[in-house]
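What follows is run21.tsv (TSV, C-alpha atoms (C1' of nucleotides)).
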```tsv
chain	number	residue	atom	x	y	z
A	674	MET	CA	-98.12	104.06	180.49
A	675	THR	CA	-96.70	104.57	183.94
A	676	LYS	CA	-93.22	104.01	185.25
A	677	ALA	CA	-93.02	100.67	187.04
A	678	LYS	CA	-89.91	101.30	189.10
A	679	SER	CA	-90.35	103.18	192.32
A	680	ALA	CA	-87.64	105.74	192.77
A	681	PRO	CA	-84.79	104.87	195.14
A	682	LYS	CA	-84.76	107.15	198.12
A	683	HIS	CA	-81.12	108.01	198.01
A	684	ARG	CA	-78.65	109.70	195.73
A	685	LEU	CA	-76.05	107.06	196.62
A	686	HIS	CA	-78.17	104.17	195.45
A	687	THR	CA	-75.89	103.59	192.45
A	688	ALA	CA	-72.77	103.21	194.57
A	689	GLU	CA	-70.85	99.97	194.25
A	690	LEU	CA	-71.73	99.23	197.82
A	691	ALA	CA	-75.37	98.90	196.84
A	692	ASN	CA	-74.47	95.66	195.05
A	693	GLU	CA	-73.22	94.01	198.17
A	694	ILE	CA	-75.72	91.70	199.75
A	695	GLU	CA	-74.23	92.27	203.14
A	696	PHE	CA	-75.01	95.97	202.89
A	697	LEU	CA	-78.48	95.43	201.48
A	698	MET	CA	-79.33	93.09	204.31
A	699	ALA	CA	-78.08	95.56	206.87
A	700	ARG	CA	-80.40	98.20	205.47
A	701	ALA	CA	-83.36	95.90	205.00
A	702	ARG	CA	-82.94	94.61	208.48
A	703	ALA	CA	-82.68	98.10	209.94
A	704	VAL	CA	-86.12	99.03	208.69
A	705	GLY	CA	-87.51	95.59	209.46
A	706	THR	CA	-86.37	95.62	213.05
A	707	ALA	CA	-87.57	99.18	213.48
A	708	HIS	CA	-91.04	98.24	212.29
A	709	ALA	CA	-91.13	95.11	214.41
A	710	ASN	CA	-89.92	96.83	217.56
A	711	GLU	CA	-92.42	99.57	216.98
A	712	VAL	CA	-95.44	97.28	217.00
A	713	LEU	CA	-94.01	95.09	219.75
A	714	ALA	CA	-93.33	97.97	222.09
A	715	GLY	CA	-96.98	98.02	223.14
A	716	LEU	CA	-96.60	94.47	224.40
A	717	ASP	CA	-93.29	95.16	226.12
A	718	LEU	CA	-91.47	92.93	223.70
A	719	LYS	CA	-88.68	93.42	221.20
A	720	ALA	CA	-87.67	91.42	218.17
A	721	ARG	CA	-85.31	89.54	220.46
A	722	SER	CA	-87.70	88.52	223.17
A	723	TYR	CA	-90.40	87.87	220.59
A	724	ALA	CA	-88.11	85.37	218.89
A	725	VAL	CA	-87.48	83.52	222.14
A	726	LEU	CA	-91.16	83.54	222.99
A	727	SER	CA	-92.00	82.26	219.54
A	728	LEU	CA	-89.65	79.31	219.87
A	729	ALA	CA	-91.00	78.53	223.31
A	730	VAL	CA	-94.57	78.64	222.08
A	731	GLY	CA	-93.64	76.42	219.15
A	732	GLY	CA	-93.41	73.55	221.57
A	733	ALA	CA	-90.13	72.16	220.31
A	734	LYS	CA	-88.77	72.52	223.85
A	735	PRO	CA	-85.46	74.03	222.84
A	736	THR	CA	-82.60	74.13	225.28
A	737	GLN	CA	-80.96	77.46	225.92
A	738	ARG	CA	-77.98	76.38	223.91
A	739	GLU	CA	-80.24	75.62	220.95
A	740	LEU	CA	-81.85	79.02	221.30
A	741	ALA	CA	-78.45	80.65	221.34
A	742	GLU	CA	-77.33	78.90	218.19
A	743	PHE	CA	-80.55	79.36	216.33
A	744	LEU	CA	-80.79	83.05	217.16
A	745	SER	CA	-77.07	83.66	216.58
A	746	LEU	CA	-76.69	84.95	220.12
A	747	ASP	CA	-74.27	84.25	222.90
A	748	ALA	CA	-75.47	81.82	225.52
A	749	SER	CA	-75.22	84.51	228.18
A	750	GLN	CA	-77.69	86.70	226.33
A	751	ILE	CA	-80.20	83.88	226.30
A	752	VAL	CA	-79.95	83.72	230.06
A	753	ALA	CA	-81.00	87.35	230.30
A	754	LEU	CA	-83.78	87.04	227.74
A	755	VAL	CA	-85.25	83.96	229.35
A	756	ASP	CA	-84.91	85.55	232.78
A	757	VAL	CA	-87.18	88.44	231.93
A	758	LEU	CA	-89.70	86.33	230.03
A	759	GLN	CA	-89.79	83.95	232.95
A	760	ASP	CA	-90.19	86.75	235.46
A	761	ARG	CA	-93.13	87.95	233.43
A	762	GLY	CA	-94.63	84.49	233.56
A	763	LEU	CA	-94.48	83.96	229.82
A	764	VAL	CA	-92.06	81.05	229.65
A	765	ALA	CA	-90.59	78.56	232.08
A	766	ARG	CA	-87.37	76.62	232.43
A	767	GLU	CA	-88.01	72.91	232.70
A	768	PRO	CA	-85.41	70.27	233.39
A	769	ASP	CA	-84.34	68.49	230.24
A	770	PRO	CA	-85.22	64.84	230.76
A	771	ASN	CA	-82.30	63.81	228.58
A	772	ASP	CA	-79.60	65.94	230.14
A	773	ARG	CA	-79.66	67.38	233.60
A	774	ARG	CA	-77.30	70.15	232.57
A	775	SER	CA	-79.86	71.67	230.22
A	776	ASN	CA	-83.05	73.55	230.65
A	777	VAL	CA	-85.80	73.23	228.18
A	778	ILE	CA	-87.81	76.36	227.52
A	779	VAL	CA	-91.56	76.07	227.40
A	780	SER	CA	-94.31	78.65	227.25
A	781	THR	CA	-97.06	79.29	229.76
A	782	ASP	CA	-100.67	79.99	228.91
A	783	ALA	CA	-99.95	83.67	229.33
A	784	GLY	CA	-97.01	83.29	226.98
A	785	ARG	CA	-99.11	81.65	224.30
A	786	GLU	CA	-101.77	84.27	224.72
A	787	LEU	CA	-99.32	87.11	224.36
A	788	TYR	CA	-97.62	85.45	221.43
A	789	SER	CA	-100.87	85.08	219.56
A	790	ARG	CA	-101.36	88.81	219.80
A	791	ALA	CA	-97.74	89.61	219.01
A	792	SER	CA	-97.51	87.41	215.96
A	793	VAL	CA	-100.26	89.22	214.09
A	794	LEU	CA	-98.56	92.53	214.80
A	795	VAL	CA	-95.23	91.19	213.63
A	796	ALA	CA	-96.83	89.90	210.46
A	797	GLN	CA	-98.22	93.36	209.81
A	798	ALA	CA	-94.85	94.92	210.43
A	799	GLU	CA	-93.23	92.49	208.04
A	800	ALA	CA	-95.83	93.25	205.41
A	801	ARG	CA	-95.04	96.90	205.80
A	802	SER	CA	-91.31	96.30	205.46
A	803	LEU	CA	-91.84	94.25	202.32
A	804	SER	CA	-94.45	96.47	200.75
A	805	ALA	CA	-92.26	96.92	197.67
A	806	LEU	CA	-92.60	93.23	196.83
A	807	SER	CA	-95.48	91.15	195.53
A	808	ASP	CA	-96.59	88.10	197.47
A	809	GLU	CA	-94.71	85.86	195.12
A	810	GLU	CA	-91.57	87.93	195.43
A	811	ARG	CA	-91.84	87.82	199.20
A	812	ASN	CA	-91.90	84.06	199.06
A	813	GLN	CA	-88.96	83.97	196.71
A	814	LEU	CA	-87.04	86.15	199.09
A	815	ARG	CA	-88.02	83.94	202.00
A	816	ILE	CA	-86.83	80.86	200.19
A	817	LEU	CA	-83.54	82.35	199.09
A	818	LEU	CA	-82.82	83.66	202.56
A	819	SER	CA	-83.68	80.31	204.09
A	820	ARG	CA	-81.14	78.62	201.89
A	821	VAL	CA	-78.52	81.10	202.98
A	822	ALA	CA	-79.44	81.27	206.62
A	823	LEU	CA	-80.67	77.85	207.73
B	1355	MET	CA	-80.48	60.20	191.90
B	1356	THR	CA	-79.16	62.38	194.66
B	1357	LYS	CA	-80.96	64.57	197.12
B	1358	ALA	CA	-80.83	68.17	195.98
B	1359	LYS	CA	-81.60	69.83	199.28
B	1360	SER	CA	-78.75	70.37	201.68
B	1361	ALA	CA	-79.77	69.51	205.21
B	1362	PRO	CA	-80.59	72.43	207.51
B	1363	LYS	CA	-78.14	72.64	210.34
B	1364	HIS	CA	-80.62	72.97	213.11
B	1365	ARG	CA	-83.41	70.99	214.70
B	1366	LEU	CA	-85.47	74.18	215.04
B	1367	HIS	CA	-85.43	74.94	211.33
B	1368	THR	CA	-89.11	74.08	211.04
B	1369	ALA	CA	-90.17	76.57	213.71
B	1370	GLU	CA	-92.64	79.24	212.70
B	1371	LEU	CA	-89.97	81.80	213.30
B	1372	ALA	CA	-88.01	80.40	210.38
B	1373	ASN	CA	-90.64	81.87	208.06
B	1374	GLU	CA	-90.06	85.38	209.22
B	1375	ILE	CA	-87.86	87.36	206.91
B	1376	GLU	CA	-86.69	89.50	209.76
B	1377	PHE	CA	-85.28	86.45	211.49
B	1378	LEU	CA	-83.76	85.00	208.35
B	1379	MET	CA	-82.00	88.25	207.60
B	1380	ALA	CA	-80.64	88.42	211.12
B	1381	ARG	CA	-79.11	84.98	210.70
B	1382	ALA	CA	-77.87	85.55	207.18
B	1383	ARG	CA	-76.35	88.80	208.20
B	1384	ALA	CA	-74.68	87.26	211.24
B	1385	VAL	CA	-72.69	84.87	209.08
B	1386	GLY	CA	-72.15	87.47	206.38
B	1387	THR	CA	-70.71	90.04	208.74
B	1388	ALA	CA	-68.59	87.42	210.43
B	1389	HIS	CA	-67.05	86.41	207.11
B	1390	ALA	CA	-66.53	89.99	206.03
B	1391	ASN	CA	-64.97	91.10	209.31
B	1392	GLU	CA	-62.75	88.05	209.22
B	1393	VAL	CA	-61.16	88.90	205.87
B	1394	LEU	CA	-61.10	92.63	206.62
B	1395	ALA	CA	-59.33	92.20	209.94
B	1396	GLY	CA	-56.00	91.85	208.16
B	1397	LEU	CA	-56.47	95.34	206.71
B	1398	ASP	CA	-57.62	96.83	210.00
B	1399	LEU	CA	-61.09	97.39	208.65
B	1400	LYS	CA	-64.54	96.19	209.57
B	1401	ALA	CA	-67.72	95.98	207.56
B	1402	ARG	CA	-68.53	99.43	208.91
B	1403	SER	CA	-65.38	101.24	207.97
B	1404	TYR	CA	-65.20	99.35	204.69
B	1405	ALA	CA	-68.63	100.71	203.78
B	1406	VAL	CA	-67.58	104.27	204.48
B	1407	LEU	CA	-64.35	103.82	202.57
B	1408	SER	CA	-66.24	102.33	199.66
B	1409	LEU	CA	-68.56	105.30	199.43
B	1410	ALA	CA	-65.65	107.69	199.66
B	1411	VAL	CA	-63.76	105.85	196.91
B	1412	GLY	CA	-66.89	105.86	194.77
B	1413	GLY	CA	-66.36	109.54	194.21
B	1414	ALA	CA	-69.92	110.64	194.82
B	1415	LYS	CA	-68.60	112.99	197.50
B	1416	PRO	CA	-71.23	112.14	200.07
B	1417	THR	CA	-71.76	114.38	203.04
B	1418	GLN	CA	-71.64	112.81	206.46
B	1419	ARG	CA	-75.37	113.13	206.74
B	1420	GLU	CA	-75.78	111.18	203.50
B	1421	LEU	CA	-73.46	108.51	204.79
B	1422	ALA	CA	-75.46	108.27	207.97
B	1423	GLU	CA	-78.73	107.85	206.13
B	1424	PHE	CA	-77.41	105.46	203.55
B	1425	LEU	CA	-75.69	103.25	206.11
B	1426	SER	CA	-78.59	103.43	208.57
B	1427	LEU	CA	-76.30	104.86	211.21
B	1428	ASP	CA	-76.52	107.79	213.54
B	1429	ALA	CA	-74.66	110.90	212.47
B	1430	SER	CA	-72.47	110.70	215.54
B	1431	GLN	CA	-71.22	107.26	214.54
B	1432	ILE	CA	-70.18	108.62	211.17
B	1433	VAL	CA	-68.07	111.18	212.93
B	1434	ALA	CA	-66.14	108.43	214.67
B	1435	LEU	CA	-65.81	106.28	211.56
B	1436	VAL	CA	-64.57	109.15	209.42
B	1437	ASP	CA	-62.24	110.26	212.20
B	1438	VAL	CA	-60.30	107.02	212.21
B	1439	LEU	CA	-60.24	106.66	208.44
B	1440	GLN	CA	-59.02	110.22	208.21
B	1441	ASP	CA	-56.37	109.67	210.88
B	1442	ARG	CA	-55.18	106.72	208.84
B	1443	GLY	CA	-54.95	108.91	205.77
B	1444	LEU	CA	-57.53	106.94	203.83
B	1445	VAL	CA	-60.22	109.61	203.45
B	1446	ALA	CA	-60.46	113.34	203.92
B	1447	ARG	CA	-63.12	115.83	204.87
B	1448	GLU	CA	-63.52	118.53	202.25
B	1449	PRO	CA	-65.72	121.59	202.53
B	1450	ASP	CA	-68.97	121.16	200.67
B	1451	PRO	CA	-69.01	123.90	198.05
B	1452	ASN	CA	-72.79	124.05	198.27
B	1453	ASP	CA	-73.17	124.21	202.01
B	1454	ARG	CA	-70.58	125.34	204.46
B	1455	ARG	CA	-72.19	123.31	207.21
B	1456	SER	CA	-71.39	120.03	205.49
B	1457	ASN	CA	-68.26	118.08	204.84
B	1458	VAL	CA	-67.87	116.01	201.77
B	1459	ILE	CA	-65.95	112.77	202.20
B	1460	VAL	CA	-63.37	111.91	199.59
B	1461	SER	CA	-60.74	109.21	199.44
B	1462	THR	CA	-56.99	109.62	199.25
B	1463	ASP	CA	-54.70	107.59	197.03
B	1464	ALA	CA	-53.92	105.39	200.00
B	1465	GLY	CA	-57.65	104.96	200.56
B	1466	ARG	CA	-58.24	103.89	196.98
B	1467	GLU	CA	-55.31	101.54	197.15
B	1468	LEU	CA	-56.54	99.91	200.32
B	1469	TYR	CA	-60.07	99.70	199.02
B	1470	SER	CA	-58.97	97.90	195.89
B	1471	ARG	CA	-57.43	95.23	198.06
B	1472	ALA	CA	-60.33	95.12	200.47
B	1473	SER	CA	-63.02	94.83	197.85
B	1474	VAL	CA	-61.69	91.59	196.43
B	1475	LEU	CA	-61.57	90.11	199.91
B	1476	VAL	CA	-65.10	91.24	200.62
B	1477	ALA	CA	-66.26	89.71	197.37
B	1478	GLN	CA	-64.70	86.42	198.40
B	1479	ALA	CA	-66.35	86.62	201.80
B	1480	GLU	CA	-69.70	87.28	200.19
B	1481	ALA	CA	-69.22	84.34	197.84
B	1482	ARG	CA	-68.56	82.17	200.85
B	1483	SER	CA	-71.66	83.41	202.65
B	1484	LEU	CA	-73.79	82.73	199.59
B	1485	SER	CA	-72.26	79.42	198.66
B	1486	ALA	CA	-75.64	77.73	198.91
B	1487	LEU	CA	-76.94	79.77	195.98
B	1488	SER	CA	-76.22	79.65	192.27
B	1489	ASP	CA	-75.02	82.78	190.52
B	1490	GLU	CA	-78.48	83.43	189.20
B	1491	GLU	CA	-80.02	82.99	192.61
B	1492	ARG	CA	-77.50	85.40	194.09
B	1493	ASN	CA	-78.59	87.99	191.58
B	1494	GLN	CA	-82.23	87.36	192.31
B	1495	LEU	CA	-81.54	87.84	195.98
B	1496	ARG	CA	-79.61	91.02	195.27
B	1497	ILE	CA	-82.47	92.42	193.23
B	1498	LEU	CA	-85.14	91.53	195.76
B	1499	LEU	CA	-83.14	93.00	198.61
B	1500	SER	CA	-82.48	96.16	196.62
B	1501	ARG	CA	-86.17	96.65	196.16
B	1502	VAL	CA	-86.73	96.28	199.88
B	1503	ALA	CA	-83.72	98.23	201.03
B	1504	LEU	CA	-83.09	101.05	198.62
C	674	DG	C1'	-83.20	140.55	209.47
C	675	DT	C1'	-85.38	137.10	212.33
C	676	DC	C1'	-86.38	132.49	213.17
C	677	DA	C1'	-86.90	127.60	212.40
C	678	DA	C1'	-84.40	123.87	210.62
C	679	DT	C1'	-80.06	121.40	209.41
C	680	DA	C1'	-74.88	119.43	209.52
C	681	DG	C1'	-71.59	118.24	212.31
C	682	DT	C1'	-69.74	117.39	216.83
C	683	DT	C1'	-69.45	116.15	221.75
C	684	DT	C1'	-71.13	113.84	225.65
C	685	DA	C1'	-73.85	110.72	228.32
C	686	DT	C1'	-76.70	106.60	228.68
C	687	DT	C1'	-78.26	102.34	227.42
C	688	DT	C1'	-78.12	98.24	224.89
C	689	DT	C1'	-75.54	94.48	222.57
C	690	DA	C1'	-71.65	91.82	221.80
C	691	DT	C1'	-67.60	89.24	223.33
C	692	DC	C1'	-65.05	86.62	226.39
C	693	DA	C1'	-63.13	84.44	230.50
C	694	DA	C1'	-64.12	81.92	234.54
C	695	DC	C1'	-66.83	78.87	237.25
C	696	DT	C1'	-70.20	74.85	238.59
C	697	DA	C1'	-72.65	70.86	237.58
C	698	DA	C1'	-73.41	67.29	234.60
C	699	DT	C1'	-72.25	64.28	230.73
C	700	DT	C1'	-69.43	61.71	227.56
C	701	DG	C1'	-65.49	59.19	225.92
C	702	DC	C1'	-62.31	55.93	226.86
C	703	DG	C1'	-58.37	53.62	229.07
D	95	DC	C1'	-65.40	51.29	236.53
D	96	DG	C1'	-63.11	55.92	237.11
D	97	DC	C1'	-60.71	59.75	235.32
D	98	DA	C1'	-60.25	63.39	231.61
D	99	DA	C1'	-62.20	66.23	228.43
D	100	DT	C1'	-66.32	68.42	226.97
D	101	DT	C1'	-70.69	70.74	227.45
D	102	DA	C1'	-74.93	73.65	229.49
D	103	DG	C1'	-75.87	77.27	232.06
D	104	DT	C1'	-74.58	81.20	234.72
D	105	DT	C1'	-71.96	85.25	236.27
D	106	DG	C1'	-69.11	89.12	235.70
D	107	DA	C1'	-65.96	92.08	233.17
D	108	DT	C1'	-65.04	94.70	229.09
D	109	DA	C1'	-65.62	96.45	224.53
D	110	DA	C1'	-68.54	97.89	220.80
D	111	DA	C1'	-72.62	99.84	219.11
D	112	DA	C1'	-77.16	102.26	219.38
D	113	DT	C1'	-79.82	106.19	221.10
D	114	DA	C1'	-80.50	110.66	222.44
D	115	DA	C1'	-79.64	115.42	224.28
D	116	DA	C1'	-77.22	119.61	223.91
D	117	DC	C1'	-74.40	122.84	221.43
D	118	DT	C1'	-72.19	125.63	217.29
D	119	DA	C1'	-72.20	127.19	212.80
D	120	DT	C1'	-74.66	127.54	209.05
D	121	DT	C1'	-78.68	127.78	205.92
D	122	DG	C1'	-83.28	128.81	204.10
D	123	DA	C1'	-87.95	130.65	204.50
D	124	DC	C1'	-90.46	134.46	205.17
```

Written form, structure tokens:
Amino acid sequence: MTKAKSAPKHRLHTAELANEIEFLMARARAVGTAHANEVLAGLDLKARSYAVLSLAVGGAKPTQRELAEFLSLDASQIVALVDVLQDRGLVAREPDPNDRRSNVIVSTDAGRELYSRASVLVAQAEARSLSALSDEERNQLRILLSRVAL
Amino acid sequence: MTKAKSAPKHRLHTAELANEIEFLMARARAVGTAHANEVLAGLDLKARSYAVLSLAVGGAKPTQRELAEFLSLDASQIVALVDVLQDRGLVAREPDPNDRRSNVIVSTDAGRELYSRASVLVAQAEARSLSALSDEERNQLRILLSRVAL
DNA sequence: GTCAATAGTTTATTTTATCAACTAATTGCG
DNA sequence: CGCAATTAGTTGATAAAATAAACTATTGAC
């Protein structure tokens, strides 16, 4: 008979704070982002730029404002992110047919190619971050977070 | 018969990215921190300083290094956080009896008093952030995140 | 006792976040 | 229609936070 629980890594794990979801998410996200940035570094991407690239590749043709809202970023940060992806030839700004004020962000072939490599790395990083959970638990977590976040 | 699902707020909610836990946590945390900082502003605290205060009040007498690790922050940021809490008379640095290199962070009466007010506000903010979930689902989420984060 | 490692601190640098101002375009509405 | 208010994107300024090096005082291993 073996112990099922894996030992918490920290003496403070019983603190009241450890019951606050806000705090738990901060910690979980810290390791998650670290893992993601680690694997993405080889492709000169970060979690940030990967997210933008992903949405461009998705083909939904988001405007920059939509990207800003969806990624919880300020519009001015999207400008910078799109600028560098565009300079690298990974995405392009296209005029929005419905509104001449907006740009619609689309991916290039190079962008899709890079994304296809990046996404498998990100999936690996995520798997590593969630290694404490079973597949079913990972899905539960995904679903609960979606309800909170989307 | 009514629809159970609440409508996602964004046209991009079906993007691949929305399946990535990393992304979902970033979004969830964005609203969570916003709510928390909002209610804490009246007490001149932020999520950050509240976390430090909470761990001080808990009485575990954490060293600054332990705070840094537990909060996923750099040691130098702890210095700044403790500095202002100490200047406000909410916590104090005490010599660690076991290691003269370390300080142990304890709370003052004023710190405990402020924390008791802050913690109810934070609980309300959390409830607001998680309003999409039932009580049981909130606990499930807490447990899953603990397994990932702790 | 010497030496490598650690806790805390300071400082510098870079990255993110926040916000105001501006242009061009759109929308609402009298 | 035509004017007013709003919105998308951009720029620039400023504040907050993350990252990392260097330094002091300890500690712990040997």

In terms of all atoms listed in the file, the residue from A:Ala724, A:Val793, A:Leu803, A:Val757 at minimal distance from Phe743 in chain A is A:Ala724

Result of fitting chain B to chain A over every paired C-alpha, as a compact mmCIF listing (two decimals) with C-alpha atoms, in the coordinates of the input:
```txt
# COMPACT_ATOMS: atom_id res chain seq x y z
CA MET B 1355 -97.93 103.88 180.37
CA THR B 1356 -96.56 104.41 183.83
CA LYS B 1357 -93.11 103.89 185.21
CA ALA B 1358 -92.95 100.60 187.06
CA LYS B 1359 -89.86 101.28 189.12
CA SER B 1360 -90.29 103.19 192.34
CA ALA B 1361 -87.56 105.77 192.75
CA PRO B 1362 -84.73 104.88 195.14
CA LYS B 1363 -84.68 107.20 198.08
CA HIS B 1364 -81.05 108.03 198.00
CA ARG B 1365 -78.55 109.70 195.71
CA LEU B 1366 -75.97 107.04 196.60
CA HIS B 1367 -78.12 104.15 195.43
CA THR B 1368 -75.85 103.58 192.45
CA ALA B 1369 -72.72 103.18 194.58
CA GLU B 1370 -70.83 99.92 194.27
CA LEU B 1371 -71.71 99.19 197.84
CA ALA B 1372 -75.35 98.89 196.85
CA ASN B 1373 -74.49 95.63 195.09
CA GLU B 1374 -73.23 93.99 198.21
CA ILE B 1375 -75.75 91.70 199.79
CA GLU B 1376 -74.23 92.28 203.17
CA PHE B 1377 -75.00 95.97 202.90
CA LEU B 1378 -78.48 95.45 201.51
CA MET B 1379 -79.35 93.11 204.34
CA ALA B 1380 -78.09 95.59 206.89
CA ARG B 1381 -80.40 98.23 205.47
CA ALA B 1382 -83.36 95.93 205.02
CA ARG B 1383 -82.95 94.65 208.49
CA ALA B 1384 -82.68 98.14 209.94
CA VAL B 1385 -86.13 99.05 208.69
CA GLY B 1386 -87.52 95.61 209.45
CA THR B 1387 -86.39 95.64 213.06
CA ALA B 1388 -87.58 99.19 213.49
CA HIS B 1389 -91.07 98.25 212.30
CA ALA B 1390 -91.15 95.12 214.41
CA ASN B 1391 -89.93 96.82 217.58
CA GLU B 1392 -92.43 99.58 216.99
CA VAL B 1393 -95.47 97.28 217.01
CA LEU B 1394 -94.03 95.08 219.75
CA ALA B 1395 -93.35 97.98 222.09
CA GLY B 1396 -96.99 98.02 223.15
CA LEU B 1397 -96.61 94.45 224.41
CA ASP B 1398 -93.31 95.14 226.13
CA LEU B 1399 -91.47 92.92 223.70
CA LYS B 1400 -88.70 93.42 221.20
CA ALA B 1401 -87.70 91.42 218.16
CA ARG B 1402 -85.32 89.56 220.46
CA SER B 1403 -87.72 88.52 223.15
CA TYR B 1404 -90.42 87.86 220.58
CA ALA B 1405 -88.12 85.36 218.88
CA VAL B 1406 -87.48 83.52 222.12
CA LEU B 1407 -91.16 83.52 222.99
CA SER B 1408 -92.01 82.24 219.54
CA LEU B 1409 -89.66 79.30 219.87
CA ALA B 1410 -90.99 78.52 223.31
CA VAL B 1411 -94.59 78.63 222.08
CA GLY B 1412 -93.65 76.41 219.16
CA GLY B 1413 -93.39 73.54 221.57
CA ALA B 1414 -90.11 72.15 220.32
CA LYS B 1415 -88.75 72.51 223.85
CA PRO B 1416 -85.45 74.02 222.83
CA THR B 1417 -82.59 74.14 225.27
CA GLN B 1418 -80.96 77.47 225.90
CA ARG B 1419 -77.98 76.39 223.89
CA GLU B 1420 -80.24 75.64 220.93
CA LEU B 1421 -81.85 79.02 221.27
CA ALA B 1422 -78.46 80.66 221.31
CA GLU B 1423 -77.34 78.90 218.16
CA PHE B 1424 -80.57 79.36 216.30
CA LEU B 1425 -80.82 83.05 217.13
CA SER B 1426 -77.11 83.68 216.55
CA LEU B 1427 -76.74 84.95 220.08
CA ASP B 1428 -74.32 84.24 222.86
CA ALA B 1429 -75.50 81.83 225.52
CA SER B 1430 -75.23 84.52 228.15
CA GLN B 1431 -77.70 86.72 226.30
CA ILE B 1432 -80.21 83.89 226.28
CA VAL B 1433 -79.95 83.73 230.03
CA ALA B 1434 -81.01 87.35 230.28
CA LEU B 1435 -83.79 87.03 227.71
CA VAL B 1436 -85.25 83.94 229.34
CA ASP B 1437 -84.91 85.54 232.76
CA VAL B 1438 -87.20 88.42 231.92
CA LEU B 1439 -89.70 86.32 230.02
CA GLN B 1440 -89.77 83.93 232.94
CA ASP B 1441 -90.18 86.75 235.46
CA ARG B 1442 -93.13 87.92 233.41
CA GLY B 1443 -94.63 84.45 233.55
CA LEU B 1444 -94.50 83.94 229.81
CA VAL B 1445 -92.05 81.03 229.65
CA ALA B 1446 -90.57 78.56 232.08
CA ARG B 1447 -87.35 76.63 232.42
CA GLU B 1448 -87.97 72.91 232.70
CA PRO B 1449 -85.36 70.26 233.39
CA ASP B 1450 -84.28 68.50 230.24
CA PRO B 1451 -85.15 64.85 230.77
CA ASN B 1452 -82.21 63.84 228.60
CA ASP B 1453 -79.54 65.99 230.16
CA ARG B 1454 -79.59 67.43 233.61
CA ARG B 1455 -77.24 70.20 232.56
CA SER B 1456 -79.79 71.70 230.20
CA ASN B 1457 -83.01 73.57 230.62
CA VAL B 1458 -85.79 73.23 228.16
CA ILE B 1459 -87.80 76.37 227.50
CA VAL B 1460 -91.55 76.05 227.39
CA SER B 1461 -94.30 78.63 227.25
CA THR B 1462 -97.04 79.25 229.77
CA ASP B 1463 -100.66 79.94 228.91
CA ALA B 1464 -99.96 83.63 229.35
CA GLY B 1465 -97.00 83.27 226.99
CA ARG B 1466 -99.11 81.61 224.32
CA GLU B 1467 -101.78 84.23 224.74
CA LEU B 1468 -99.33 87.08 224.37
CA TYR B 1469 -97.63 85.43 221.44
CA SER B 1470 -100.89 85.06 219.57
CA ARG B 1471 -101.37 88.79 219.82
CA ALA B 1472 -97.77 89.59 219.03
CA SER B 1473 -97.53 87.40 215.97
CA VAL B 1474 -100.27 89.21 214.11
CA LEU B 1475 -98.58 92.52 214.82
CA VAL B 1476 -95.25 91.18 213.65
CA ALA B 1477 -96.86 89.91 210.48
CA GLN B 1478 -98.24 93.37 209.83
CA ALA B 1479 -94.85 94.93 210.47
CA GLU B 1480 -93.24 92.51 208.06
CA ALA B 1481 -95.86 93.28 205.43
CA ARG B 1482 -95.04 96.93 205.83
CA SER B 1483 -91.32 96.32 205.49
CA LEU B 1484 -91.87 94.29 202.34
CA SER B 1485 -94.46 96.52 200.78
CA ALA B 1486 -92.30 96.97 197.70
CA LEU B 1487 -92.64 93.28 196.86
CA SER B 1488 -95.52 91.22 195.55
CA ASP B 1489 -96.65 88.17 197.49
CA GLU B 1490 -94.77 85.92 195.14
CA GLU B 1491 -91.63 87.97 195.44
CA ARG B 1492 -91.89 87.86 199.22
CA ASN B 1493 -91.96 84.09 199.05
CA GLN B 1494 -89.02 84.01 196.70
CA LEU B 1495 -87.09 86.17 199.10
CA ARG B 1496 -88.08 83.96 202.00
CA ILE B 1497 -86.89 80.86 200.18
CA LEU B 1498 -83.60 82.37 199.09
CA LEU B 1499 -82.87 83.67 202.57
CA SER B 1500 -83.74 80.30 204.08
CA ARG B 1501 -81.21 78.64 201.88
CA VAL B 1502 -78.56 81.11 202.98
CA ALA B 1503 -79.51 81.25 206.62
CA LEU B 1504 -80.72 77.86 207.71
```

Which residues are near range 1427-1437 of chain B? Cut-off 7 Å, all atoms listed in the file, ignore same chain within fewer than 4 positions. Put them as a list in words.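 Non-adjacent residues within range: Ser1403, Gln1418, Arg1419, Ala1422, Glu1423 and Asp1441 of chain B.
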
Could you jot down the CA of Val1445 in chain B to C1' of DT684 in chain C separation for me, Å, one decimal place? 25.1 Å

Hey, which of D:DC124, D:DA102, D:DC97, D:DA112 ends up closest to chain A? Count only C-alpha atoms (C1' of nucleotides).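 With only C-alpha atoms (C1' of nucleotides) as the atom set, the closest residue is D:DA102.
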
Hey, can you check how far CA of Ala1446 in chain B sits from CA of Gly1412 in chain B?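 Going from CA of Ala1446 in chain B over to CA of Gly1412 in chain B, I get 13.5 Å.
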
Please, which residues of chain D lie no more than 12 Å from chain A when the count uses only C-alpha atoms (C1' of nucleotides), and can they be set out as number ranges by chain? D: 101-106, 112

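Note that CA of Ser727 in chain A and CA of Gly762 in chain A are 14.4 Å apart.
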
For chain C, report every residue with an atom at most 10 Å from chain B (counting all atoms listed in the file), formatted as an mmCIF file with C-alpha atoms (C1' of nucleotides), in the frame of the given file.
```
data_model
loop_
_atom_site.group_PDB
_atom_site.id
_atom_site.type_symbol
_atom_site.label_atom_id
_atom_site.label_comp_id
_atom_site.auth_asym_id
_atom_site.auth_seq_id
_atom_site.Cartn_x
_atom_site.Cartn_y
_atom_site.Cartn_z
ATOM 1 C "C1'" DT C 679 -80.060 121.400 209.410
ATOM 2 C "C1'" DA C 680 -74.880 119.430 209.520
ATOM 3 C "C1'" DG C 681 -71.590 118.240 212.310
ATOM 4 C "C1'" DT C 682 -69.740 117.390 216.830
ATOM 5 C "C1'" DT C 683 -69.450 116.150 221.750
#
```
